[in-house]
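Peer 1: Here you go, protein_19.tsv (TSV, C-alpha atoms):
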chain	number	residue	atom	x	y	z
W	1026	PRO	CA	225.34	-66.92	-88.54
W	1027	ILE	CA	226.04	-65.96	-84.98
W	1028	ALA	CA	224.38	-62.90	-83.54
W	1029	GLY	CA	223.44	-61.38	-80.23
W	1030	LYS	CA	225.98	-63.24	-78.10
W	1031	PRO	CA	227.84	-61.43	-75.31
W	1032	PHE	CA	231.61	-61.50	-75.53
W	1033	VAL	CA	234.79	-60.53	-73.71
W	1034	VAL	CA	237.73	-58.86	-75.42
W	1035	SER	CA	241.37	-59.11	-74.43
W	1036	ARG	CA	242.60	-55.97	-72.69
W	1037	GLY	CA	243.92	-53.27	-75.00
W	1038	PHE	CA	241.80	-54.38	-77.92
W	1039	ARG	CA	238.91	-52.40	-79.32
W	1040	LEU	CA	235.47	-53.48	-78.15
W	1041	PHE	CA	233.12	-53.95	-81.07
W	1042	ARG	CA	229.42	-53.75	-80.26
W	1043	GLU	CA	228.18	-56.04	-82.98
W	1044	LEU	CA	229.17	-59.52	-83.95
W	1045	PHE	CA	230.07	-60.45	-87.47
W	1046	LYS	CA	227.66	-62.73	-89.29
W	1047	PHE	CA	229.83	-65.43	-90.76
W	1048	GLN	CA	228.18	-66.26	-94.05
W	1049	ASP	CA	230.94	-66.18	-96.68
W	1050	VAL	CA	233.51	-68.77	-95.63
W	1051	GLU	CA	235.92	-68.02	-98.47
W	1052	LYS	CA	235.81	-64.32	-97.67
W	1053	LEU	CA	236.73	-65.14	-94.09
W	1054	ARG	CA	239.75	-67.04	-95.35
W	1055	ASP	CA	240.73	-64.10	-97.51
W	1056	ASP	CA	240.41	-61.80	-94.52
W	1057	ARG	CA	242.77	-64.12	-92.59
W	1058	ILE	CA	240.23	-64.90	-89.89
W	1059	TYR	CA	240.67	-68.10	-87.90
W	1060	LEU	CA	237.68	-69.60	-86.17
W	1061	ALA	CA	237.55	-72.35	-83.58
W	1062	ALA	CA	234.30	-73.90	-82.46
W	1063	VAL	CA	234.11	-74.62	-78.77
W	1064	THR	CA	231.95	-77.09	-76.90
W	1065	GLY	CA	233.43	-77.57	-73.43
W	1066	GLU	CA	236.95	-77.40	-74.77
W	1067	ILE	CA	237.80	-76.57	-78.35
W	1068	GLN	CA	237.24	-79.75	-80.34
W	1069	GLY	CA	238.31	-78.60	-83.77
W	1070	ASP	CA	239.23	-75.65	-85.89
W	1071	ALA	CA	237.83	-74.48	-89.20
W	1072	TYR	CA	237.03	-71.36	-91.15
W	1073	THR	CA	233.33	-71.61	-90.42
W	1074	GLY	CA	231.02	-70.33	-87.72
W	1075	GLN	CA	229.58	-72.85	-85.29
W	1076	ILE	CA	227.06	-72.79	-82.50
W	1077	GLY	CA	228.48	-72.59	-79.04
W	1078	ASN	CA	231.49	-70.58	-77.96
W	1079	VAL	CA	233.60	-69.23	-80.79
W	1080	VAL	CA	237.09	-67.82	-80.69
W	1081	VAL	CA	237.82	-65.44	-83.57
W	1082	ASP	CA	241.54	-64.98	-83.91
W	1083	PHE	CA	242.67	-62.51	-86.55
W	1084	LEU	CA	246.29	-63.32	-87.30
W	1085	ASP	CA	247.27	-59.91	-85.97
W	1086	CYS	CA	246.42	-61.44	-82.58
W	1087	LEU	CA	243.03	-59.80	-82.05
W	1088	VAL	CA	241.30	-62.42	-79.95
W	1089	TRP	CA	237.61	-62.33	-79.20
W	1090	PHE	CA	236.00	-64.77	-76.84
W	1091	PHE	CA	232.31	-65.24	-77.47
W	1092	THR	CA	230.30	-66.84	-74.68
W	1093	SER	CA	227.08	-68.59	-75.53
W	1094	GLY	CA	226.56	-70.30	-72.20
W	1095	ILE	CA	227.36	-73.87	-73.24
W	1096	ALA	CA	230.71	-74.19	-71.43
W	1097	PRO	CA	232.54	-70.90	-70.95
W	1098	LEU	CA	236.31	-71.12	-70.90
W	1099	HIS	CA	238.63	-69.29	-68.56
W	1100	PHE	CA	239.80	-66.14	-70.33
W	1101	CYS	CA	243.17	-64.77	-69.26
W	1102	ALA	CA	243.18	-61.00	-69.79
W	1103	GLU	CA	246.81	-60.74	-68.67
W	1104	SER	CA	248.11	-62.95	-71.46
W	1105	GLY	CA	245.28	-62.33	-73.88
W	1106	GLY	CA	244.28	-65.92	-74.47
W	1107	ILE	CA	242.09	-68.87	-73.64
W	1108	LEU	CA	243.57	-71.10	-70.96
W	1109	GLY	CA	241.12	-73.96	-71.38
W	1110	ALA	CA	238.11	-75.26	-69.54
W	1111	ARG	CA	237.68	-74.09	-65.98
W	1112	GLY	CA	239.09	-76.52	-63.46
W	1113	HIS	CA	241.69	-77.91	-65.85
W	1114	ASP	CA	244.55	-79.23	-63.76
W	1115	ARG	CA	248.10	-79.94	-64.88
W	1116	PRO	CA	250.73	-82.08	-63.18
W	1117	ASP	CA	253.43	-80.29	-61.19
W	1118	THR	CA	256.31	-82.31	-62.59
W	1119	GLY	CA	257.32	-84.09	-65.78
W	1120	ILE	CA	257.54	-82.21	-69.09
W	1121	ALA	CA	255.73	-78.94	-69.77
W	1122	PHE	CA	254.96	-77.66	-73.25
W	1123	ILE	CA	254.40	-73.93	-73.68
W	1124	GLY	CA	253.71	-72.00	-76.85
W	1125	ASP	CA	251.13	-71.03	-79.44
W	1126	SER	CA	248.35	-72.88	-81.27
W	1127	ILE	CA	250.76	-75.51	-82.61
W	1128	CYS	CA	251.44	-76.40	-78.99
W	1129	GLN	CA	247.81	-76.03	-77.90
W	1130	ASN	CA	246.28	-77.98	-80.79
W	1131	ALA	CA	248.04	-81.13	-79.65
W	1132	LYS	CA	245.45	-81.22	-76.86
W	1133	LEU	CA	242.51	-79.69	-78.65
W	1134	LEU	CA	242.64	-81.93	-81.70
W	1135	TYR	CA	245.00	-84.87	-81.29
W	1136	GLY	CA	244.72	-86.21	-77.74
W	1137	ASP	CA	247.52	-84.03	-76.32
W	1138	TRP	CA	251.28	-84.59	-76.12
W	1139	ASN	CA	250.96	-87.70	-73.98
W	1140	THR	CA	249.04	-89.42	-76.76
W	1141	ILE	CA	251.27	-88.09	-79.53
W	1142	LEU	CA	254.49	-89.02	-77.73
W	1143	GLY	CA	253.33	-92.18	-75.98
W	1144	ARG	CA	253.97	-90.73	-72.52
W	1145	SER	CA	252.05	-89.94	-69.35
W	1146	ASP	CA	253.97	-87.00	-67.86
W	1147	CYS	CA	253.30	-84.09	-70.24
W	1148	ALA	CA	251.47	-80.85	-69.44
W	1149	ASN	CA	250.22	-78.48	-72.14
W	1150	TYR	CA	250.38	-74.70	-71.66
W	1151	GLY	CA	249.76	-73.75	-75.28
W	1152	ILE	CA	247.54	-70.77	-76.11
W	1153	GLY	CA	246.59	-70.08	-79.71
W	1154	GLY	CA	247.79	-66.81	-81.23
W	1155	GLN	CA	250.48	-66.12	-78.66
W	1156	THR	CA	253.96	-64.75	-79.23
W	1157	THR	CA	257.08	-65.35	-77.18
W	1158	LEU	CA	256.42	-62.07	-75.39
W	1159	GLU	CA	253.04	-63.34	-74.18
W	1160	CYS	CA	254.53	-66.69	-73.19
W	1161	ARG	CA	257.19	-64.77	-71.28
W	1162	ALA	CA	254.44	-62.95	-69.37
W	1163	ARG	CA	253.07	-66.26	-68.02
W	1164	ILE	CA	256.23	-68.35	-67.67
W	1165	GLY	CA	256.04	-67.80	-63.91
W	1166	GLU	CA	253.28	-70.39	-63.72
W	1167	LEU	CA	255.74	-73.02	-64.95
W	1168	ALA	CA	258.57	-71.66	-62.81
W	1169	ALA	CA	256.40	-72.15	-59.73
W	1170	ARG	CA	256.20	-75.87	-60.44
W	1171	ASN	CA	258.87	-78.53	-60.61
W	1172	TYR	CA	259.09	-79.56	-64.25
W	1173	ARG	CA	262.10	-81.61	-65.24
W	1174	GLN	CA	261.98	-80.32	-68.79
W	1175	ILE	CA	260.19	-77.54	-70.68
W	1176	VAL	CA	259.53	-77.61	-74.42
W	1177	PHE	CA	259.01	-74.29	-76.22
W	1178	ILE	CA	256.91	-74.19	-79.40
W	1179	CYS	CA	256.58	-70.55	-80.32
W	1180	GLY	CA	257.85	-68.09	-82.92
W	1181	ILE	CA	255.65	-68.02	-85.99
W	1182	ASN	CA	253.29	-65.42	-84.54
W	1183	ASP	CA	256.28	-63.26	-83.60
W	1184	ILE	CA	257.24	-63.16	-87.26
W	1185	GLY	CA	253.68	-62.14	-88.09
W	1186	HIS	CA	253.99	-59.28	-85.61
W	1187	GLY	CA	257.26	-58.10	-87.09
W	1188	TYR	CA	259.48	-59.01	-84.13
W	1189	THR	CA	263.14	-59.50	-84.98
W	1190	LYS	CA	264.91	-62.79	-84.39
W	1191	GLU	CA	267.01	-61.04	-81.74
W	1192	GLU	CA	263.89	-59.97	-79.86
W	1193	ILE	CA	262.45	-63.48	-80.06
W	1194	VAL	CA	265.64	-65.11	-78.78
W	1195	GLN	CA	265.79	-62.53	-75.99
W	1196	ASN	CA	262.31	-63.60	-74.86
W	1197	TYR	CA	263.42	-67.23	-74.84
W	1198	ALA	CA	266.47	-66.31	-72.77
W	1199	ALA	CA	264.31	-64.42	-70.29
W	1200	MET	CA	261.90	-67.35	-69.90
W	1201	ILE	CA	264.74	-69.78	-69.29
W	1202	GLU	CA	266.34	-67.45	-66.76
W	1203	THR	CA	263.04	-67.12	-64.90
W	1204	VAL	CA	262.60	-70.88	-64.60
W	1205	GLN	CA	266.23	-71.50	-63.67
W	1206	ALA	CA	265.99	-69.06	-60.77
W	1207	SER	CA	263.67	-71.47	-58.96
W	1208	ASN	CA	264.44	-74.72	-60.77
W	1209	PRO	CA	268.13	-74.75	-61.75
W	1210	ASP	CA	268.11	-78.39	-62.87
W	1211	CYS	CA	265.36	-77.94	-65.45
W	1212	GLN	CA	266.22	-78.86	-69.03
W	1213	PHE	CA	264.88	-76.89	-72.01
W	1214	VAL	CA	264.01	-77.77	-75.60
W	1215	ILE	CA	263.33	-75.23	-78.34
W	1216	LEU	CA	261.38	-76.77	-81.19
W	1217	SER	CA	262.10	-75.16	-84.54
W	1218	THR	CA	259.52	-72.85	-86.05
W	1219	LEU	CA	257.79	-74.74	-88.84
W	1220	PRO	CA	257.41	-73.63	-92.46
W	1221	THR	CA	253.99	-72.84	-93.90
W	1222	THR	CA	252.39	-73.14	-97.31
W	1223	SER	CA	251.98	-70.07	-99.52
W	1224	ALA	CA	248.59	-69.44	-97.89
W	1225	PHE	CA	250.41	-68.00	-94.85
W	1226	TYR	CA	253.54	-65.90	-94.47
W	1227	SER	CA	253.98	-65.60	-98.19
W	1228	GLY	CA	257.48	-64.38	-99.01
W	1229	GLN	CA	258.59	-64.76	-95.38
W	1230	GLN	CA	259.92	-68.32	-95.36
W	1231	GLY	CA	263.44	-66.95	-95.21
W	1232	LYS	CA	262.62	-65.28	-91.90
W	1233	ILE	CA	261.61	-68.67	-90.51
W	1234	THR	CA	264.91	-70.15	-91.62
W	1235	LEU	CA	266.91	-67.32	-90.04
W	1236	LEU	CA	264.93	-67.60	-86.80
W	1237	ASN	CA	265.72	-71.28	-86.57
W	1238	LEU	CA	269.41	-70.57	-87.13
W	1239	ALA	CA	269.23	-68.04	-84.28
W	1240	PHE	CA	267.57	-70.66	-82.07
W	1241	LYS	CA	270.30	-73.17	-82.88
W	1242	ARG	CA	273.10	-70.71	-82.09
W	1243	PHE	CA	271.42	-69.72	-78.83
W	1244	ALA	CA	271.00	-73.35	-77.76
W	1245	ASN	CA	274.58	-74.25	-78.65
W	1246	LYS	CA	275.96	-71.62	-76.29
W	1247	THR	CA	273.39	-71.96	-73.48
W	1248	PRO	CA	273.70	-74.74	-70.88
W	1249	ASN	CA	270.73	-77.12	-70.52
W	1250	VAL	CA	269.11	-75.88	-73.76
W	1251	THR	CA	268.62	-78.08	-76.83
W	1252	PHE	CA	267.40	-77.06	-80.26
W	1253	VAL	CA	265.32	-79.65	-82.11
W	1254	ASP	CA	264.95	-79.32	-85.86
W	1255	ALA	CA	261.49	-80.44	-86.94
W	1256	TYR	CA	261.53	-77.84	-89.73
W	1257	SER	CA	263.51	-80.07	-92.10
W	1258	ALA	CA	260.81	-82.76	-91.95
W	1259	PHE	CA	258.17	-80.29	-93.16
W	1260	CYS	CA	259.71	-78.90	-96.36
W	1261	PRO	CA	262.04	-79.97	-99.21
W	1262	LYS	CA	264.83	-77.55	-98.27
W	1263	ALA	CA	265.46	-74.39	-96.30
W	1264	GLY	CA	263.44	-71.39	-97.42
W	1265	GLU	CA	260.82	-73.37	-99.34
W	1266	TYR	CA	257.15	-73.76	-98.51
W	1267	ALA	CA	255.93	-76.67	-96.41
W	1268	TYR	CA	254.59	-79.99	-97.64
W	1269	PRO	CA	250.82	-79.32	-97.65
W	1270	GLU	CA	250.02	-82.91	-96.71
W	1271	LEU	CA	251.54	-82.31	-93.24
W	1272	LEU	CA	249.40	-79.27	-92.44
W	1273	SER	CA	245.67	-78.98	-91.81
W	1274	ASP	CA	245.32	-75.48	-93.21
W	1275	GLY	CA	248.72	-74.41	-94.50
W	1276	LEU	CA	249.90	-73.36	-91.02
W	1277	HIS	CA	248.96	-75.89	-88.33
W	1278	PRO	CA	250.21	-79.50	-88.38
W	1279	ASN	CA	247.66	-82.23	-88.97
W	1280	ALA	CA	247.82	-85.68	-87.40
W	1281	GLU	CA	250.60	-86.77	-89.75
W	1282	GLY	CA	252.45	-83.54	-89.00
W	1283	TYR	CA	252.37	-84.22	-85.27
W	1284	VAL	CA	253.74	-87.70	-85.94
W	1285	LYS	CA	256.69	-86.02	-87.66
W	1286	ILE	CA	257.18	-83.67	-84.73
W	1287	ALA	CA	257.11	-86.62	-82.33
W	1288	GLU	CA	259.73	-88.46	-84.37
W	1289	MET	CA	262.09	-85.49	-84.24
W	1290	LEU	CA	261.36	-84.55	-80.61
W	1291	THR	CA	261.34	-87.91	-78.82
W	1292	PRO	CA	265.13	-88.56	-78.82
W	1293	TYR	CA	265.68	-85.30	-76.90
W	1294	LEU	CA	263.05	-85.78	-74.20
W	1295	LEU	CA	264.02	-87.00	-70.75
W	1296	PRO	CA	262.76	-90.49	-69.91
W	1297	GLU	CA	259.75	-90.66	-67.64
W	1298	ALA	CA	260.56	-90.77	-63.96
W	1299	GLU	CA	260.21	-94.12	-62.20
What would you get if you wrote out this structure as structure tokens?

Peer 2:
Amino acid sequence: PIAGKPFVVSRGFRLFRELFKFQDVEKLRDDRIYLAAVTGEIQGDAYTGQIGNVVVDFLDCLVWFFTSGIAPLHFCAESGGILGARGHDRPDTGIAFIGDSICQNAKLLYGDWNTILGRSDCANYGIGGQTTLECRARIGELAARNYRQIVFICGINDIGHGYTKEEIVQNYAAMIETVQASNPDCQFVILSTLPTTSAFYSGQQGKITLLNLAFKRFANKTPNVTFVDAYSAFCPKAGEYAYPELLSDGLHPNAEGYVKIAEMLTPYLLPEAE
């Protein structure tokens, strides 16, 4: 159990004065609470309390950042998320990845996109729990740099928040427009939203399918934008639940899942610069 630790809450969220005591792991799962233990940077995720810093992310995007003094992370109140360990630097060029926990976990758990893809020019801007609206609020950081290509991995949390596919696509369009204003030669990749098992988004797999169709239509009519379908590698057919062996918890890809993503994504990535 964790008790008596100070914490910071994302702006706009209610400040609770007491910490939960995480004793019943299965109850936490039932309550749809996601925990990530942090030592320096987040090393793993599980539905269990750990010593150190703990991020508690209700799937309705209530994010609490508990600070125990081991290695506080930089908390971004503007975007409502954890940016990573203080002093984390990213390259100014190459390929940038921006999105939610599926984007972020590549670094936190699997060596980052450079390891997964066998490259050396990738930068990770993923923040767990974020929607396209929150990514849109921080896309300026990428626009200020000189990335040759940007990969978007975001959408599942939007569905959880009830955003329509039109609203989600509009956020993608706005992000692309922002980057193109300062970097007109940048290329963009939209990775499909992945299916889940029945543990998450029960009865909403059709929404994921429709969102991916909207992504594909948007990419087909928008210059310098490519849609990459990783969805089909994660489930038997459209609208069905995901193969559980590709996910760590029914929502997030495991190591094998990231291998599948890499297989689908690699043919559409620009070669590394000389």

Peer 1: Leaving out Leu1294 of chain W and any residue of its chain fewer than 4 positions from it, which residues lie within 9 Å of it when counting only C-alpha atoms, given as a list in words?

Peer 2: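 So the residues in contact are Ile1120, Gln1174, Val1176, Val1214 and Leu1290 of chain W.
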
Peer 1: Counting all atoms listed in the file, which of W:Gly1275, W:Gly1264, W:Gly1151, W:Gly1187 gets nearest to Thr1221 of chain W?

Peer 2: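 Counting all atoms listed in the file, the residue closest to Thr1221 of chain W is W:Gly1275.
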
Peer 1: What does the distance from atom CA of Ile1141 of chain W to atom CA of Glu1281 of chain W come to in Å, to one decimal?

Peer 2: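 These atoms are spaced 10.3 Å apart.
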
Peer 1: Go through W:Leu1133, W:Cys1160, W:Ala1239, W:Ile1201 one by one, measure the shortest atom-to-atom distance of each to Ile1178 of chain W using all atoms listed in the file, and give the residue with the smallest value.

Peer 2: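 Closest to Ile1178 of chain W, using all atoms listed in the file: W:Cys1160.
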
Peer 1: Mind pulling up the distance from atom CA of Ile1152 of chain W to atom CA of Lys1285 of chain W?

Peer 2: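 It comes out at 21.2 Å.
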
Peer 1: Just checking: using all atoms listed in the file, which residue out of W:Ala1199, W:Ala1131, W:Ala1287, W:Ile1193 ends up closest to Ala1162 of chain W?

Peer 2: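 The answer is W:Ala1199, which sits nearest to Ala1162 of chain W.
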
Peer 1: Find the residue from W:Gln1212, W:Thr1203, W:Asn1237, W:Ala1224 that sits nearest to Glu1191 of chain W; use all atoms listed in the file when measuring.

Peer 2: W:Asn1237

Peer 1: Find the residue from W:Ser1227, W:Thr1156, W:Thr1291, W:Ser1217 that sits nearest to Lys1241 of chain W; use only C-alpha atoms when measuring.

Peer 2: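 Closest to Lys1241 of chain W of all the choices is W:Ser1217.
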
Peer 1: Residues at most 7 Å from Asn1208 of chain W, counting only C-alpha atoms, excluding those fewer than 3 positions away in the same chain, as a PyMOL selection string?

Peer 2: chain W and resi 1168+1171+1204-1205+1211

Peer 1: So that I can look at just that part, could you write segment 1195-1221 of chain W with N, CA and C atoms, as a short mmCIF file (atom, residue, chain, number, x, y, z; two decimals), in the first residue's frame?

Peer 2:
data_model
loop_
_atom_site.label_atom_id
_atom_site.label_comp_id
_atom_site.auth_asym_id
_atom_site.auth_seq_id
_atom_site.Cartn_x
_atom_site.Cartn_y
_atom_site.Cartn_z
N GLN W 1195 -10.29 15.52 -37.73
CA GLN W 1195 -10.07 16.96 -37.73
C GLN W 1195 -8.83 17.32 -36.92
N ASN W 1196 -8.63 16.64 -35.80
CA ASN W 1196 -7.43 16.89 -34.99
C ASN W 1196 -6.17 16.48 -35.73
N TYR W 1197 -6.23 15.36 -36.45
CA TYR W 1197 -5.09 14.95 -37.26
C TYR W 1197 -4.79 16.00 -38.33
N ALA W 1198 -5.83 16.46 -38.99
CA ALA W 1198 -5.65 17.47 -40.04
C ALA W 1198 -5.02 18.74 -39.48
N ALA W 1199 -5.44 19.15 -38.29
CA ALA W 1199 -4.90 20.36 -37.68
C ALA W 1199 -3.43 20.17 -37.31
N MET W 1200 -3.06 18.99 -36.81
CA MET W 1200 -1.66 18.74 -36.48
C MET W 1200 -0.78 18.78 -37.72
N ILE W 1201 -1.25 18.16 -38.77
CA ILE W 1201 -0.48 18.13 -40.02
C ILE W 1201 -0.32 19.54 -40.58
N GLU W 1202 -1.39 20.31 -40.54
CA GLU W 1202 -1.33 21.69 -41.02
C GLU W 1202 -0.34 22.52 -40.22
N THR W 1203 -0.31 22.31 -38.91
CA THR W 1203 0.62 23.05 -38.05
C THR W 1203 2.07 22.74 -38.42
N VAL W 1204 2.38 21.47 -38.61
CA VAL W 1204 3.75 21.09 -38.96
C VAL W 1204 4.11 21.60 -40.35
N GLN W 1205 3.19 21.48 -41.30
CA GLN W 1205 3.49 21.87 -42.67
C GLN W 1205 3.75 23.37 -42.81
N ALA W 1206 3.19 24.16 -41.90
CA ALA W 1206 3.40 25.61 -41.97
C ALA W 1206 4.87 25.97 -41.81
N SER W 1207 5.61 25.17 -41.03
CA SER W 1207 7.04 25.45 -40.84
C SER W 1207 7.94 24.42 -41.49
N ASN W 1208 7.38 23.28 -41.87
CA ASN W 1208 8.16 22.19 -42.44
C ASN W 1208 7.36 21.54 -43.57
N PRO W 1209 7.24 22.24 -44.71
CA PRO W 1209 6.35 21.78 -45.78
C PRO W 1209 6.74 20.45 -46.42
N ASP W 1210 7.98 20.02 -46.25
CA ASP W 1210 8.43 18.78 -46.86
C ASP W 1210 8.23 17.55 -45.97
N CYS W 1211 7.74 17.76 -44.77
CA CYS W 1211 7.58 16.65 -43.84
C CYS W 1211 6.55 15.65 -44.37
N GLN W 1212 6.84 14.37 -44.17
CA GLN W 1212 5.93 13.30 -44.52
C GLN W 1212 5.23 12.81 -43.25
N PHE W 1213 4.01 12.29 -43.40
CA PHE W 1213 3.22 11.87 -42.24
C PHE W 1213 2.69 10.45 -42.43
N VAL W 1214 2.68 9.71 -41.32
CA VAL W 1214 2.12 8.35 -41.31
C VAL W 1214 1.11 8.27 -40.18
N ILE W 1215 -0.07 7.78 -40.50
CA ILE W 1215 -1.09 7.51 -39.48
C ILE W 1215 -1.17 6.00 -39.31
N LEU W 1216 -0.78 5.53 -38.14
CA LEU W 1216 -0.89 4.10 -37.84
C LEU W 1216 -2.31 3.80 -37.40
N SER W 1217 -2.87 2.74 -37.91
CA SER W 1217 -4.25 2.38 -37.56
C SER W 1217 -4.42 2.20 -36.06
N THR W 1218 -5.59 2.52 -35.59
CA THR W 1218 -5.95 2.21 -34.20
C THR W 1218 -6.12 0.70 -34.08
N LEU W 1219 -5.55 0.13 -33.03
CA LEU W 1219 -5.54 -1.33 -32.89
C LEU W 1219 -6.79 -1.84 -32.18
N PRO W 1220 -7.19 -3.07 -32.47
CA PRO W 1220 -8.29 -3.68 -31.72
C PRO W 1220 -7.85 -4.03 -30.31
N THR W 1221 -8.80 -4.33 -29.46
CA THR W 1221 -8.52 -4.75 -28.09
C THR W 1221 -9.18 -6.10 -27.85
#
